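With CSV, C-alpha atoms inside, this is structure-v7.csv:
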chain,number,residue,atom,x,y,z
R,18,MET,CA,50.7,139.5,156.7
R,19,SER,CA,49.0,136.5,155.1
R,20,PHE,CA,50.6,133.2,154.2
R,21,LEU,CA,50.4,134.1,150.4
R,22,ASP,CA,52.3,137.3,151.1
R,23,ASP,CA,55.0,135.3,152.9
R,24,LEU,CA,55.3,133.1,149.9
R,25,ARG,CA,55.7,136.1,147.6
R,26,ASN,CA,58.4,137.6,149.8
R,27,LEU,CA,60.5,134.5,150.1
R,28,ASP,CA,64.2,134.8,149.1
R,29,ARG,CA,65.0,132.1,146.6
R,30,ASN,CA,68.7,132.4,147.4
R,31,ASN,CA,68.2,131.9,151.1
R,32,VAL,CA,66.1,128.8,151.5
R,33,GLY,CA,67.4,128.3,155.0
R,34,GLY,CA,66.0,131.6,156.1
R,35,TRP,CA,62.4,130.8,155.0
R,36,PRO,CA,59.7,130.6,157.7
R,37,ARG,CA,58.9,127.2,159.0
R,38,SER,CA,55.4,127.3,157.5
R,39,ALA,CA,56.9,127.9,154.0
R,40,LYS,CA,59.4,125.0,154.4
R,41,VAL,CA,56.6,122.7,155.5
R,42,PHE,CA,54.4,123.7,152.6
R,43,PHE,CA,57.1,123.2,149.9
R,44,ALA,CA,58.2,120.0,151.5
R,45,GLY,CA,54.7,118.7,151.5
R,46,LEU,CA,54.3,119.9,147.9
R,47,ILE,CA,57.4,118.0,146.8
R,48,VAL,CA,56.1,114.9,148.5
R,49,VAL,CA,52.7,115.2,146.8
R,50,LEU,CA,54.4,115.7,143.4
R,51,ILE,CA,56.6,112.6,144.0
R,52,LEU,CA,53.6,110.6,145.0
R,53,PHE,CA,51.5,111.9,142.1
R,54,PHE,CA,54.1,111.1,139.4
R,55,GLY,CA,54.9,107.7,141.0
R,56,TRP,CA,51.2,106.9,141.0
R,57,TYR,CA,50.8,108.2,137.4
R,58,LEU,CA,53.7,106.1,136.1
R,59,HIS,CA,52.4,103.0,138.0
R,60,ILE,CA,48.9,103.5,136.7
R,61,SER,CA,50.3,104.1,133.2
R,62,ASP,CA,52.1,100.8,133.2
R,63,GLN,CA,49.0,99.1,134.5
R,64,GLN,CA,47.0,100.7,131.7
R,65,ASP,CA,49.5,99.4,129.1
R,66,GLU,CA,49.3,95.9,130.7
R,67,LEU,CA,45.5,96.2,130.7
R,68,GLU,CA,45.4,97.2,127.0
R,69,SER,CA,47.7,94.3,126.2
R,70,ALA,CA,45.5,91.9,128.1
R,71,ARG,CA,42.4,93.2,126.4
R,72,GLN,CA,44.0,92.7,122.9
R,73,LYS,CA,45.1,89.2,124.0
R,74,GLU,CA,41.7,88.4,125.2
R,75,THR,CA,40.2,89.6,121.9
R,76,ALA,CA,42.7,87.4,120.0
R,77,LEU,CA,41.9,84.4,122.2
R,78,LYS,CA,38.2,84.8,121.8
R,79,LYS,CA,38.6,84.9,118.0
R,80,GLU,CA,40.8,81.8,118.1
R,81,PHE,CA,38.3,80.1,120.3
R,82,SER,CA,35.4,81.1,118.0
R,83,ASP,CA,37.3,79.8,115.0
R,84,LYS,CA,38.2,76.5,116.6
R,85,GLN,CA,34.6,76.1,117.9
R,86,ALA,CA,33.3,76.7,114.4
R,87,LYS,CA,35.7,74.1,113.0
R,88,ALA,CA,34.8,71.6,115.8
R,89,VAL,CA,31.1,72.1,115.1
R,90,ASN,CA,31.6,71.5,111.4
R,91,LEU,CA,34.2,68.8,111.7
R,92,GLU,CA,31.8,66.0,110.8
R,93,ALA,CA,30.6,67.9,107.8
R,94,TYR,CA,34.2,68.5,106.7
R,95,ARG,CA,35.0,64.8,107.1
R,96,LYS,CA,31.9,63.9,105.1
R,97,GLN,CA,32.8,66.4,102.4
R,98,LEU,CA,36.4,65.0,102.3
R,99,GLU,CA,35.1,61.4,102.0
R,100,ASP,CA,32.7,62.5,99.2
R,101,MET,CA,35.6,64.2,97.4
R,102,LYS,CA,37.7,61.1,97.7
R,103,GLU,CA,34.9,58.9,96.3
R,104,MET,CA,34.4,61.4,93.4
R,105,LEU,CA,38.1,61.3,92.7
R,106,GLN,CA,38.1,57.5,92.7
R,107,THR,CA,35.1,57.4,90.4
R,108,MET,CA,36.8,59.8,88.0
R,109,LEU,CA,40.0,57.8,88.1
R,110,ARG,CA,38.1,54.6,87.4
R,111,GLN,CA,36.9,56.1,84.2
R,112,LEU,CA,40.5,56.2,83.0
R,113,PRO,CA,41.9,53.1,81.3
R,114,SER,CA,43.4,50.4,83.5
R,115,ARG,CA,46.7,48.6,83.1
R,116,THR,CA,45.2,45.8,81.1
R,117,GLU,CA,43.2,48.2,78.9
R,118,MET,CA,46.2,50.3,77.9
R,119,PRO,CA,47.4,48.2,74.9
R,120,ASP,CA,43.8,48.1,73.5
R,121,LEU,CA,43.6,51.9,74.1
R,122,LEU,CA,46.7,52.6,72.1
R,123,ASN,CA,45.3,50.5,69.3
R,124,ASP,CA,42.0,52.3,69.5
R,125,ILE,CA,43.9,55.7,69.1
R,126,THR,CA,45.6,54.5,66.0
R,127,GLN,CA,42.3,53.2,64.6
R,128,ALA,CA,40.7,56.5,65.4
R,129,ALA,CA,43.4,58.2,63.3
R,130,LEU,CA,42.9,55.7,60.5
R,131,ALA,CA,39.1,56.2,60.5
R,132,ALA,CA,39.6,59.9,60.2
R,133,GLY,CA,41.8,59.5,57.1
R,134,ILE,CA,45.0,60.5,58.9
R,135,GLU,CA,48.3,58.9,57.7
R,136,THR,CA,50.3,57.8,60.7
R,137,GLU,CA,54.0,57.9,59.9
R,138,LEU,CA,55.2,57.4,63.5
R,139,PHE,CA,53.3,56.2,66.6
R,140,GLN,CA,55.9,55.1,69.2
R,141,PRO,CA,54.7,54.6,72.9
R,142,GLY,CA,57.4,55.2,75.5
R,143,GLY,CA,57.9,53.9,79.0
R,144,GLU,CA,55.3,54.7,81.7
R,145,VAL,CA,56.1,57.3,84.4
R,146,MET,CA,54.4,56.6,87.7
R,147,LYS,CA,52.8,59.5,89.6
R,148,ASP,CA,50.9,59.6,92.9
R,149,PHE,CA,47.7,57.8,91.7
R,150,TYR,CA,48.1,57.5,88.0
R,151,ALA,CA,50.6,56.6,85.3
R,152,GLU,CA,51.5,58.7,82.2
R,153,LYS,CA,52.6,57.2,78.9
R,154,PRO,CA,54.4,59.4,76.4
R,155,ILE,CA,53.8,58.7,72.7
R,156,GLN,CA,56.2,60.0,70.0
R,157,LEU,CA,54.1,60.5,66.9
R,158,LYS,CA,54.0,62.0,63.4
R,159,MET,CA,50.7,62.3,61.5
R,160,LEU,CA,49.7,63.8,58.2
R,161,GLY,CA,46.2,65.1,57.5
R,162,SER,CA,44.0,68.1,57.0
R,163,TYR,CA,42.4,70.4,59.6
R,164,HIS,CA,39.1,68.6,59.1
R,165,GLN,CA,40.7,65.1,59.5
R,166,PHE,CA,42.5,66.1,62.7
R,167,GLY,CA,39.1,67.5,64.0
R,168,THR,CA,37.5,64.1,63.2
R,169,PHE,CA,40.3,62.3,64.9
R,170,ILE,CA,39.9,64.3,68.1
R,171,SER,CA,36.1,63.6,68.0
R,172,ASN,CA,36.7,59.8,67.5
R,173,VAL,CA,39.1,59.7,70.5
R,174,ALA,CA,36.5,61.6,72.6
R,175,SER,CA,33.9,59.0,71.7
R,176,LEU,CA,35.9,56.0,72.9
R,177,PRO,CA,34.3,54.0,75.8
R,178,ARG,CA,37.0,54.9,78.2
R,179,VAL,CA,38.0,58.5,79.1
R,180,VAL,CA,41.1,59.2,77.0
R,181,ILE,CA,43.2,62.2,77.9
R,182,LEU,CA,45.8,63.3,75.4
R,183,THR,CA,48.0,66.2,76.4
R,184,MET,CA,50.5,67.7,73.9
R,185,HIS,CA,54.1,68.4,74.6
R,186,ASP,CA,56.5,70.1,72.1
R,187,VAL,CA,54.0,69.4,69.3
R,188,SER,CA,54.2,71.3,66.0
R,189,LEU,CA,51.6,71.6,63.3
R,190,ARG,CA,52.9,72.9,60.0
R,191,PRO,CA,52.2,72.4,56.3
R,192,ALA,CA,53.3,69.0,55.1
R,193,GLY,CA,56.6,68.9,53.3
R,194,GLY,CA,57.6,72.4,54.6
R,195,ALA,CA,55.4,74.0,51.9
R,196,LYS,CA,54.4,77.6,52.6
R,197,GLY,CA,50.9,78.9,52.1
R,198,GLY,CA,48.2,76.4,51.0
R,199,ALA,CA,45.8,77.5,53.7
R,200,GLY,CA,42.4,75.8,53.6
R,201,SER,CA,40.5,72.9,55.2
R,202,ASN,CA,42.0,70.4,52.8
R,203,ALA,CA,45.6,71.5,53.0
R,204,GLN,CA,47.9,68.7,54.2
R,205,LEU,CA,49.4,69.3,57.6
R,206,SER,CA,52.1,67.5,59.5
R,207,LEU,CA,51.5,67.0,63.3
R,208,GLU,CA,54.7,66.0,65.0
R,209,GLY,CA,55.8,65.8,68.6
R,210,VAL,CA,55.0,64.0,71.9
R,211,VAL,CA,51.6,63.4,73.4
R,212,LYS,CA,50.9,61.8,76.8
R,213,THR,CA,48.0,59.6,77.7
R,214,TYR,CA,47.1,58.5,81.2
R,215,ARG,CA,45.7,55.5,83.1
R,216,TYR,CA,44.9,54.9,86.8
R,217,LEU,CA,46.9,52.7,89.1
R,218,ASP,CA,45.2,49.7,90.6
R,219,ASP,CA,45.4,49.1,94.4
R,220,GLU,CA,48.5,46.9,94.1
R,221,GLU,CA,50.4,49.4,91.9
R,222,ALA,CA,49.4,52.3,94.1
R,223,ALA,CA,50.7,50.5,97.2
R,224,ALA,CA,54.0,49.6,95.5
R,225,ASN,CA,54.4,53.1,94.2
R,226,ALA,CA,53.8,54.5,97.7
R,227,ALA,CA,56.3,52.1,99.2
R,228,ASP,CA,59.0,53.0,96.6
R,229,LYS,CA,58.8,56.8,97.3
R,230,PRO,CA,60.6,56.9,100.7
R,231,ALA,CA,63.4,54.7,99.3
R,232,SER,CA,63.8,56.8,96.2
R,233,GLY,CA,63.7,60.0,98.3
R,234,GLY,CA,66.5,58.8,100.6
R,235,LYS,CA,68.9,58.5,97.7
Could you write out this file's structure as structure tokens?
Amino acid sequence: MSFLDDLRNLDRNNVGGWPRSAKVFFAGLIVVLILFFGWYLHISDQQDELESARQKETALKKEFSDKQAKAVNLEAYRKQLEDMKEMLQTMLRQLPSRTEMPDLLNDITQAALAAGIETELFQPGGEVMKDFYAEKPIQLKMLGSYHQFGTFISNVASLPRVVILTMHDVSLRPAGGAKGGAGSNAQLSLEGVVKTYRYLDDEEAAANAADKPASGGK
């Protein structure tokens, strides 16, 4: 009788009565299975660690590549930043200065007068300091036509200094509350607040920067 026949004839309910060869075979098989699954689980963990290490390696390589590119272009970035700062300073210098602001306000009223606009109210308020410029609100009320207001804007744009006027809560309606009357010569009332801007000189900018921490600590 062959070994295979012995295995087929084994009584599963009487393991103790099995032949020695069968016991050795199954014992060896169990050991092999234990070793195999132990090896498989160990290798599986190592494979997970390897995949994690590969992903980390890829991320580190990308980070290194990005930092290397920045390091290579660092001087170019610094030069670009300096150029931008110089450009900003040049643009700021085109705004009126502190000493030029009174004349600028007078120039604006003269520009309105030259356009034929009637100025009922032109009241500058206190300056508000920003990071590198100051804004001055102006409460105004003007009467004129579409054409005259267009001429006024053109006159302001042609002043020697760059004049920026931004409108806040400004209304433009027919003068006297009259309805209709549409046309280029119809009288309109412009009323509200506009803001104009000037640059801060070095002394003002330094004082403004020094005041900020103190005001922020309140």
Residues of region 24-121 of chain R that have any atom at most 12 Å from an atom of region 135-149 of chain R: could you tabulate them with the shortest-distance atom pair and the distance in Å to one decimal, using only C-alpha atoms, ordered by chain and increasing number, as a Markdown table?
| residue | atom | partner | partner_atom | distance |
| --- | --- | --- | --- | --- |
| R:Leu105 | CA | R:Phe149 | CA | 10.3 |
| R:Gln106 | CA | R:Phe149 | CA | 9.7 |
| R:Met108 | CA | R:Phe149 | CA | 11.7 |
| R:Leu109 | CA | R:Phe149 | CA | 8.5 |
| R:Arg110 | CA | R:Phe149 | CA | 11.0 |
| R:Leu112 | CA | R:Phe149 | CA | 11.4 |
| R:Ser114 | CA | R:Phe149 | CA | 11.9 |
| R:Arg115 | CA | R:Glu144 | CA | 10.6 |
| R:Met118 | CA | R:Pro141 | CA | 10.8 |
| R:Pro119 | CA | R:Pro141 | CA | 9.9 |
| R:Leu121 | CA | R:Pro141 | CA | 11.5 |
Rounded to one decimal in Å, what is the spacing between CA of Ser188 (chain R) and CA of Gln111 (chain R)?
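Answer for the CA of Ser188 (chain R) to CA of Gln111 (chain R) separation: 29.4 Å.
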Let me make sure I understand: among R:Asp228, R:Asp186, R:Glu152, R:Glu80, which one has the smallest atom-to-atom distance to Lys212 (chain R) if we use only C-alpha atoms?
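That would be R:Glu152, the residue with the smallest distance to Lys212 (chain R).
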Pick from R:Ala223, R:Val173, R:Leu46, R:Val187, whichever lies nearest to Ala132 (chain R) using all atoms listed in the file
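Ranking R:Ala223, R:Val173, R:Leu46, R:Val187 by distance to Ala132 (chain R), first place goes to R:Val173.
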Please report the interatomic distance between CA of Val210 (chain R) and CA of Leu157 (chain R) in Å with one decimal.
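Calculated distance between CA of Val210 (chain R) and CA of Leu157 (chain R) is 6.2 Å.
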Show me the residues around (42.1, 60.5, 68.1) - criterion: an atom at most 8 Å away, only C-alpha atoms counted - as a list of chain:residue names.
R:Ile125, R:Thr126, R:Ala128, R:Ala129, R:Phe166, R:Thr168, R:Phe169, R:Ile170, R:Ser171, R:Asn172, R:Val173, R:Ala174
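Between CA of Gln97 (chain R) and CA of Asn225 (chain R) there is a distance of 26.7 Å.
For the set R:Arg190, R:Lys40, R:Arg71, R:Lys158, the residue with the smallest atom-to-atom gap to Ile134 (chain R) is R:Lys158, counting all atoms listed in the file.
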Best match for closeness to Glu117 (chain R) among R:Ala227, R:Leu77, R:Val180, R:Ile60, counting all atoms listed in the file:
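Nearest to Glu117 (chain R): R:Val180.
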Residues within 6 Å of (47.6, 59.7, 73.9), counting only C-alpha atoms, listed as a list in words
Leu182, Val211, Lys212 and Thr213 of chain R
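Minimum atom-to-atom distances from R:Tyr216, R:Ala222, R:Val49, R:Phe42 to Thr116 (chain R) were compared using all atoms listed in the file, and the lowest value belongs to R:Tyr216.
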